[in-house]
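Worksheet for the structure shown next.
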Amino acid sequence: MKLSYLTDTLSYKALWKADNDQSVQQAYTSDLLSDVMGNAPEDSLLITIQGHKNTVAVASLAGMKGILLCNNRAAPDEMLDAAAREGISVFSTTDDQFSASYKIAKGLGLV
Amino acid sequence: MRYRADLHIHSCLSPCADLQMSPSSIVSRASSLGISVLGLTDHNTCRNLPAFDSCCRKAGIMPVHGIEVTTREEIHVLCFFADMPAALRFGKFIESLLPDVPNAPDLLGDQVYVDEHERIIGEIDKSLYSASELNFDQLFDEVQGYNGMFIPAHIDRSAFSVTSQLGFLPEMTYTAVEAVRIPCRVDTYGNTVITNSDAHFLADIGSRSWSCEHEAMDYQALKHILETDRLTR
């Protein structure tokens with residue numbers, strides 16, 4: 001699934017987007033960053049409500065390509081600065097984690 | 001005698017803290033600010049306590065040997081111990097409960113421990129940003145077993161606090177609770193509320209602190225002052 005699926009098909013908002021439209025094979029839903037750090041798969045999208053600069057650090061450490069903030073959670077400027085540095089796209093939606101996970105699973109062809 | 005305390009400070013060993021935060025620099029800054037009771041609370045480790053202890057003693061500051069533990073729920077809790085050996089034992093125990101996720105210094109920051117002259121002794125490989133295996137209640141019991149002080153950190157903050165992770169402060173008797181803003185908007189069930197700087201940079205030390213009046217200060221006196229809310233307002 002191309003990350004542009006989030007904006008083009010699901011009409012989610014891109015808060016910061018990498019120049020190249022990256023592909024992800026999987027997604028991981030979690031709000032505990034220590035859990036993401038230990039368990040999230042590489043080349044995936046993080047679905048979370050944790051809008052924090054450390055979310056970017058942990059996603060980058062795990063080799064993830066994008067972050068989707070659910071429930072309309074805000075991304076502080078320092079989070080978006082970190083995202084630009086690390087080349088990790090950040091999106092936001094009013095959907096909760098369950099709905100977003102379902103829609104993205106469809107995009108990934110998993111359901 | 002009046003004492004000014006700042007119990008929540010991170011040294012260069014915490015990945016998120018500035019490398020300038022060596023124990024000796026922390027102590028000189030605190031000393032210049034008139035802080036007489038000083039706590040070092042690195043994330044999930046106690047390895048900078050020996051240098052901190054010796055710098056404090058030279059400066060005539062009372063060291064409070066601590067650690068900021070990340071529970072399984074990612075709640076931050078300040079834990080303090082009566083002496084350095086107890087704290088070092090506890091720190092080793094907590095490090096052993098961290099998962100084997102390596103630190104990435106470029107992304108998360110350096111994790112170096114130093115001697116009192118700011119010489120690097122070593123580096124911790126595991127990421128201290130991880131969470132320990134203990135949950136909030138288990139950590140409480142472990143700290144009680146050490147006759148330690150258990151102080152939930154920045155309970156009014158929107159990240160890594162009891163309120164952000166659980167939604168509320170569990171109704172228990174704590175040594176005290178720490179808030180960023182006083183008066184604290186969270187219901188604290190009569191527990192003593194203190195505020196500390198949570199300094200990650202030298203300039204932040206003492207930016208929040210608290211005071212008390214007491215004859216002679218030591219660990220037991222400090223614990224008693226906190227438990228019985230004898231702070232100077």
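If you're wondering about the labels, chains in the structure tokens are A, B, ... by order shown, residues count from 1 in each chain, ligands from 1 in order shown.
Proximity to Phe80 in chain B at 10 Å, evaluated using only C-alpha atoms and with sequence-adjacent residues fewer than 2 positions away removed, yields Leu7, Gly39, Leu40, Thr41, Val64, His65, Gly66, Ile67, Glu68, Val77, Leu78, Ala82, Asp83, Met84, Ala86, Ala87, Phe90, Val143, Tyr146, Asn147, Gly148, Met149, Phe150, Ile151, Tyr219 and Lys223 of chain B.
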Can you spit out the residues from that selection as a compact mmCIF listing (two decimals), in the first residue's frame, using N, CA and C atoms?
```txt
# COMPACT_ATOMS: atom_id res chain seq x y z
N LEU B 7 14.32 17.28 43.57
CA LEU B 7 14.57 15.84 43.61
C LEU B 7 14.51 15.17 42.25
N GLY B 39 18.20 15.44 44.23
CA GLY B 39 17.95 14.07 43.80
C GLY B 39 18.39 13.85 42.36
N LEU B 40 19.06 12.72 42.11
CA LEU B 40 19.39 12.35 40.73
C LEU B 40 18.49 11.18 40.34
N THR B 41 17.79 11.35 39.23
CA THR B 41 16.77 10.37 38.84
C THR B 41 16.88 10.10 37.34
N VAL B 64 20.23 12.65 47.25
CA VAL B 64 19.12 11.71 47.41
C VAL B 64 19.22 10.75 46.23
N HIS B 65 19.47 9.48 46.56
CA HIS B 65 19.83 8.50 45.54
C HIS B 65 18.59 7.93 44.89
N GLY B 66 18.38 8.30 43.64
CA GLY B 66 17.12 7.94 43.01
C GLY B 66 17.23 7.39 41.61
N ILE B 67 16.06 7.11 41.07
CA ILE B 67 15.90 6.56 39.72
C ILE B 67 14.48 6.91 39.28
N GLU B 68 14.30 7.18 38.01
CA GLU B 68 12.94 7.37 37.48
C GLU B 68 12.61 6.13 36.67
N VAL B 77 7.84 6.91 37.56
CA VAL B 77 7.78 6.98 39.02
C VAL B 77 9.19 7.27 39.56
N LEU B 78 9.27 8.28 40.44
CA LEU B 78 10.54 8.58 41.10
C LEU B 78 10.67 7.66 42.30
N ALA B 82 17.63 4.79 50.79
CA ALA B 82 18.30 5.34 51.96
C ALA B 82 19.79 5.56 51.73
N ASP B 83 20.40 4.72 50.91
CA ASP B 83 21.84 4.90 50.68
C ASP B 83 22.19 4.44 49.26
N MET B 84 23.44 4.68 48.89
CA MET B 84 23.84 4.38 47.53
C MET B 84 23.85 2.88 47.23
N ALA B 86 21.96 0.52 48.29
CA ALA B 86 20.58 0.08 48.05
C ALA B 86 20.11 0.56 46.68
N ALA B 87 20.42 1.82 46.38
CA ALA B 87 20.00 2.39 45.09
C ALA B 87 20.68 1.65 43.94
N PHE B 90 19.04 -1.63 43.41
CA PHE B 90 17.73 -1.46 42.78
C PHE B 90 17.89 -1.10 41.30
N VAL B 143 9.57 -1.23 45.83
CA VAL B 143 10.17 -0.07 46.49
C VAL B 143 9.90 -0.12 48.00
N TYR B 146 12.32 -2.14 49.87
CA TYR B 146 13.62 -1.49 50.08
C TYR B 146 13.51 -0.34 51.08
N ASN B 147 12.34 -0.15 51.69
CA ASN B 147 12.08 1.04 52.50
C ASN B 147 12.36 2.31 51.70
N GLY B 148 12.03 2.25 50.42
CA GLY B 148 12.30 3.39 49.54
C GLY B 148 11.16 4.40 49.54
N MET B 149 11.36 5.49 48.82
CA MET B 149 10.32 6.50 48.64
C MET B 149 9.75 6.31 47.24
N PHE B 150 8.44 6.32 47.13
CA PHE B 150 7.74 6.07 45.87
C PHE B 150 6.92 7.31 45.53
N ILE B 151 7.33 8.02 44.49
CA ILE B 151 6.69 9.30 44.16
C ILE B 151 6.30 9.30 42.68
N TYR B 219 18.05 11.07 55.18
CA TYR B 219 17.05 10.36 54.38
C TYR B 219 15.76 10.13 55.16
N LYS B 223 12.08 11.61 54.29
CA LYS B 223 10.94 10.71 54.06
C LYS B 223 9.77 11.11 54.98
```
| request: Skip range 34-48 of chain A itself and residues of its chain fewer than 6 positions away, then list as a ChimeraX atom specification all residues within 10 Å of it, counting only C-alpha atoms. | output: /A:1,3,22-28,55-71,73,88-92,96-98,100-101,104 /B:70,72-74,98-102,127-132
Write the residues you've just listed into a file as a PDB file, in the first residue's frame, and include C-alpha atoms for each of them.
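For reference, result.pdb as written:
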```
ATOM      1  CA  MET A   1       0.000   0.000   0.000  1.00  0.00           C
ATOM      2  CA  LEU A   3       1.134   5.969   1.880  1.00  0.00           C
ATOM      3  CA  GLN A  22       6.652   5.199   0.216  1.00  0.00           C
ATOM      4  CA  SER A  23       5.063   1.765   0.326  1.00  0.00           C
ATOM      5  CA  VAL A  24       4.221  -0.175   3.488  1.00  0.00           C
ATOM      6  CA  GLN A  25       3.483  -3.885   3.713  1.00  0.00           C
ATOM      7  CA  GLN A  26       2.061  -3.876   7.223  1.00  0.00           C
ATOM      8  CA  ALA A  27       0.754  -1.632   9.983  1.00  0.00           C
ATOM      9  CA  TYR A  28       1.063  -1.730  13.772  1.00  0.00           C
ATOM     10  CA  THR A  55       7.017   8.728  18.509  1.00  0.00           C
ATOM     11  CA  VAL A  56       9.122   9.670  15.487  1.00  0.00           C
ATOM     12  CA  ALA A  57      12.338   8.484  17.137  1.00  0.00           C
ATOM     13  CA  VAL A  58      10.797   5.143  18.037  1.00  0.00           C
ATOM     14  CA  ALA A  59       9.196   4.702  14.595  1.00  0.00           C
ATOM     15  CA  SER A  60      12.506   5.495  12.966  1.00  0.00           C
ATOM     16  CA  LEU A  61      14.309   3.057  15.247  1.00  0.00           C
ATOM     17  CA  ALA A  62      11.829   0.351  14.261  1.00  0.00           C
ATOM     18  CA  GLY A  63      12.326   1.161  10.556  1.00  0.00           C
ATOM     19  CA  MET A  64       8.742   2.326  10.078  1.00  0.00           C
ATOM     20  CA  LYS A  65       7.735   4.595   7.194  1.00  0.00           C
ATOM     21  CA  GLY A  66       4.791   6.554   8.522  1.00  0.00           C
ATOM     22  CA  ILE A  67       2.730   7.550  11.549  1.00  0.00           C
ATOM     23  CA  LEU A  68      -1.026   8.006  11.633  1.00  0.00           C
ATOM     24  CA  LEU A  69      -2.373  10.035  14.573  1.00  0.00           C
ATOM     25  CA  CYS A  70      -5.924   9.019  15.426  1.00  0.00           C
ATOM     26  CA  ASN A  71      -8.743  10.801  17.266  1.00  0.00           C
ATOM     27  CA  ARG A  73      -4.614  14.215  18.135  1.00  0.00           C
ATOM     28  CA  ILE A  88       8.824   9.689   8.220  1.00  0.00           C
ATOM     29  CA  SER A  89       5.440  10.872   6.977  1.00  0.00           C
ATOM     30  CA  VAL A  90       2.854  11.927   9.562  1.00  0.00           C
ATOM     31  CA  PHE A  91      -0.905  11.842   8.967  1.00  0.00           C
ATOM     32  CA  SER A  92      -3.907  12.624  11.106  1.00  0.00           C
ATOM     33  CA  ASP A  96     -10.200   6.155  16.305  1.00  0.00           C
ATOM     34  CA  GLN A  97      -7.529   3.446  16.258  1.00  0.00           C
ATOM     35  CA  PHE A  98     -10.013   0.646  15.598  1.00  0.00           C
ATOM     36  CA  ALA A 100      -8.352   3.445  11.163  1.00  0.00           C
ATOM     37  CA  SER A 101      -6.816  -0.018  11.607  1.00  0.00           C
ATOM     38  CA  ILE A 104      -5.856   0.408   6.561  1.00  0.00           C
TER      39      ILE A 104
ATOM     40  CA  THR B  70       9.226   3.463  33.569  1.00  0.00           C
ATOM     41  CA  ARG B  72       5.007  -1.495  32.056  1.00  0.00           C
ATOM     42  CA  GLU B  73       2.147   1.012  31.559  1.00  0.00           C
ATOM     43  CA  GLU B  74       4.779   3.698  30.752  1.00  0.00           C
ATOM     44  CA  LEU B  98      14.358  -3.839  30.534  1.00  0.00           C
ATOM     45  CA  PRO B  99      13.933  -5.633  27.206  1.00  0.00           C
ATOM     46  CA  ASP B 100      16.993  -6.287  25.050  1.00  0.00           C
ATOM     47  CA  VAL B 101      16.319  -3.389  22.715  1.00  0.00           C
ATOM     48  CA  PRO B 102      19.598  -1.614  21.901  1.00  0.00           C
ATOM     49  CA  SER B 127      17.721   1.511  25.474  1.00  0.00           C
ATOM     50  CA  LEU B 128      16.751   3.214  28.736  1.00  0.00           C
ATOM     51  CA  TYR B 129      13.783   4.593  26.859  1.00  0.00           C
ATOM     52  CA  SER B 130      12.141   1.155  27.137  1.00  0.00           C
ATOM     53  CA  ALA B 131       9.697   0.170  29.871  1.00  0.00           C
ATOM     54  CA  SER B 132      10.564  -2.213  32.691  1.00  0.00           C
TER      55      SER B 132
END
```
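Secondary structure by DSSP on the backbone puts the following residues of range 42-109 of chain B in helix (DSSP H, G or I): Leu49, Pro50, Ala51, Phe52, Asp53, Ser54, Cys55, Cys56, Arg57, Lys58, Ala59, Met84, Pro85, Ala86, Ala87, Leu88, Arg89, Phe90, Gly91, Lys92, Phe93, Ile94, Glu95, Ser96, Pro105, Asp106, Leu107 and Leu108 of chain B.
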Take the residues just selected and output them with C-alpha atoms as a PDB file, in the first residue's frame.
```pdb
ATOM      1  CA  LEU B  49      24.968   7.870  41.361  1.00  0.00           C
ATOM      2  CA  PRO B  50      28.553   7.179  42.564  1.00  0.00           C
ATOM      3  CA  ALA B  51      29.880  10.322  40.849  1.00  0.00           C
ATOM      4  CA  PHE B  52      26.813  12.281  41.947  1.00  0.00           C
ATOM      5  CA  ASP B  53      27.212  11.153  45.546  1.00  0.00           C
ATOM      6  CA  SER B  54      30.827  12.200  45.748  1.00  0.00           C
ATOM      7  CA  CYS B  55      30.223  15.592  44.061  1.00  0.00           C
ATOM      8  CA  CYS B  56      27.324  16.330  46.434  1.00  0.00           C
ATOM      9  CA  ARG B  57      29.356  15.494  49.520  1.00  0.00           C
ATOM     10  CA  LYS B  58      32.188  17.793  48.412  1.00  0.00           C
ATOM     11  CA  ALA B  59      29.684  20.598  47.862  1.00  0.00           C
ATOM     12  CA  MET B  84      23.841   4.376  47.528  1.00  0.00           C
ATOM     13  CA  PRO B  85      24.349   0.591  47.818  1.00  0.00           C
ATOM     14  CA  ALA B  86      20.581   0.078  48.051  1.00  0.00           C
ATOM     15  CA  ALA B  87      19.997   2.386  45.093  1.00  0.00           C
ATOM     16  CA  LEU B  88      22.677   0.661  43.012  1.00  0.00           C
ATOM     17  CA  ARG B  89      21.129  -2.734  43.762  1.00  0.00           C
ATOM     18  CA  PHE B  90      17.725  -1.462  42.784  1.00  0.00           C
ATOM     19  CA  GLY B  91      19.099   0.166  39.617  1.00  0.00           C
ATOM     20  CA  LYS B  92      20.707  -3.093  38.561  1.00  0.00           C
ATOM     21  CA  PHE B  93      17.424  -4.887  39.205  1.00  0.00           C
ATOM     22  CA  ILE B  94      15.491  -2.423  37.022  1.00  0.00           C
ATOM     23  CA  GLU B  95      18.068  -2.612  34.209  1.00  0.00           C
ATOM     24  CA  SER B  96      17.657  -6.395  34.246  1.00  0.00           C
ATOM     25  CA  PRO B 105      22.307   7.178  20.186  1.00  0.00           C
ATOM     26  CA  ASP B 106      21.718   9.156  16.957  1.00  0.00           C
ATOM     27  CA  LEU B 107      17.957   8.953  17.383  1.00  0.00           C
ATOM     28  CA  LEU B 108      17.354   8.719  21.104  1.00  0.00           C
TER      29      LEU B 108
END
```
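Comparing the minimum interatomic distances between chain A and each of B:Thr232, B:Asn103, B:Thr188, B:Ser161, counting only C-alpha atoms, we find that B:Asn103 sits nearest.
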| task | Could you find all residues in range 108-180 of chain B that DSSP calls strand (DSSP E or B) from the backbone, and write them as a ChimeraX atom specification? | result | /B:112-114,120-123,126,149-152,177-178
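With distances taken over only C-alpha atoms, B:Pro15 is the one residue among B:Gly206, B:Pro63, B:Pro15, B:Pro170 lying closest to chain A.
Closest approach to Cys46 in chain B among B:Tyr113, B:Arg29, B:Tyr174, B:Asp141: B:Tyr113, based on only C-alpha atoms.
Across A:Ala18, A:Leu10, A:Val111, A:Ala82, the tightest approach to chain B is made by A:Ala82 when counting only C-alpha atoms.
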| said: Excluding range 164-169 of chain B and its own-chain neighbours fewer than 4 positions away, which residues fall within 9 Å of it when counting only C-alpha atoms? Please give them as an NGL selection string. | reply: :B and (73-75 or 152 or 155-160 or 186-189)
Take the residues from that selection and put them in a file with N, CA and C atoms, as a PDB file, in the first residue's frame.
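File produced: part.pdb:
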```pdb
ATOM      1  N   GLU B  73       3.189   0.145  32.142  1.00  0.00           N
ATOM      2  CA  GLU B  73       2.147   1.012  31.559  1.00  0.00           C
ATOM      3  C   GLU B  73       2.741   2.327  31.057  1.00  0.00           C
ATOM      4  N   GLU B  74       4.065   2.457  31.117  1.00  0.00           N
ATOM      5  CA  GLU B  74       4.779   3.698  30.752  1.00  0.00           C
ATOM      6  C   GLU B  74       4.401   4.866  31.655  1.00  0.00           C
ATOM      7  N   ILE B  75       4.250   4.547  32.939  1.00  0.00           N
ATOM      8  CA  ILE B  75       4.099   5.583  33.956  1.00  0.00           C
ATOM      9  C   ILE B  75       5.490   5.829  34.527  1.00  0.00           C
ATOM     10  N   PRO B 152       5.018   9.064  42.369  1.00  0.00           N
ATOM     11  CA  PRO B 152       4.588   9.148  40.969  1.00  0.00           C
ATOM     12  C   PRO B 152       4.996  10.504  40.384  1.00  0.00           C
ATOM     13  N   ILE B 155       2.384  14.031  37.760  1.00  0.00           N
ATOM     14  CA  ILE B 155       1.076  13.373  37.601  1.00  0.00           C
ATOM     15  C   ILE B 155       0.084  14.208  36.807  1.00  0.00           C
ATOM     16  N   ASP B 156       0.393  15.498  36.614  1.00  0.00           N
ATOM     17  CA  ASP B 156      -0.535  16.356  35.866  1.00  0.00           C
ATOM     18  C   ASP B 156      -0.071  16.570  34.429  1.00  0.00           C
ATOM     19  N   ARG B 157       0.882  15.772  33.962  1.00  0.00           N
ATOM     20  CA  ARG B 157       1.354  15.936  32.585  1.00  0.00           C
ATOM     21  C   ARG B 157       0.623  14.988  31.642  1.00  0.00           C
ATOM     22  N   SER B 158       0.587  15.336  30.350  1.00  0.00           N
ATOM     23  CA  SER B 158      -0.215  14.561  29.398  1.00  0.00           C
ATOM     24  C   SER B 158       0.561  13.408  28.782  1.00  0.00           C
ATOM     25  N   ALA B 159       1.774  13.141  29.279  1.00  0.00           N
ATOM     26  CA  ALA B 159       2.538  12.001  28.770  1.00  0.00           C
ATOM     27  C   ALA B 159       3.286  11.350  29.931  1.00  0.00           C
ATOM     28  N   PHE B 160       3.383  10.028  29.904  1.00  0.00           N
ATOM     29  CA  PHE B 160       4.175   9.258  30.871  1.00  0.00           C
ATOM     30  C   PHE B 160       3.811   9.536  32.334  1.00  0.00           C
ATOM     31  N   VAL B 186      -5.128  17.428  39.784  1.00  0.00           N
ATOM     32  CA  VAL B 186      -5.491  16.010  39.921  1.00  0.00           C
ATOM     33  C   VAL B 186      -5.857  15.738  41.383  1.00  0.00           C
ATOM     34  N   ASP B 187      -6.866  14.910  41.620  1.00  0.00           N
ATOM     35  CA  ASP B 187      -7.221  14.541  42.992  1.00  0.00           C
ATOM     36  C   ASP B 187      -6.102  13.668  43.565  1.00  0.00           C
ATOM     37  N   THR B 188      -5.483  14.127  44.640  1.00  0.00           N
ATOM     38  CA  THR B 188      -4.317  13.415  45.178  1.00  0.00           C
ATOM     39  C   THR B 188      -4.625  12.721  46.508  1.00  0.00           C
ATOM     40  N   TYR B 189      -5.853  12.679  46.919  1.00  0.00           N
ATOM     41  CA  TYR B 189      -6.302  11.922  48.104  1.00  0.00           C
ATOM     42  C   TYR B 189      -5.473  12.222  49.348  1.00  0.00           C
TER      43      TYR B 189
END
```
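The spacing separating CA of Ile120 in chain B from CA of Asp42 in chain B amounts to 16.1 Å.
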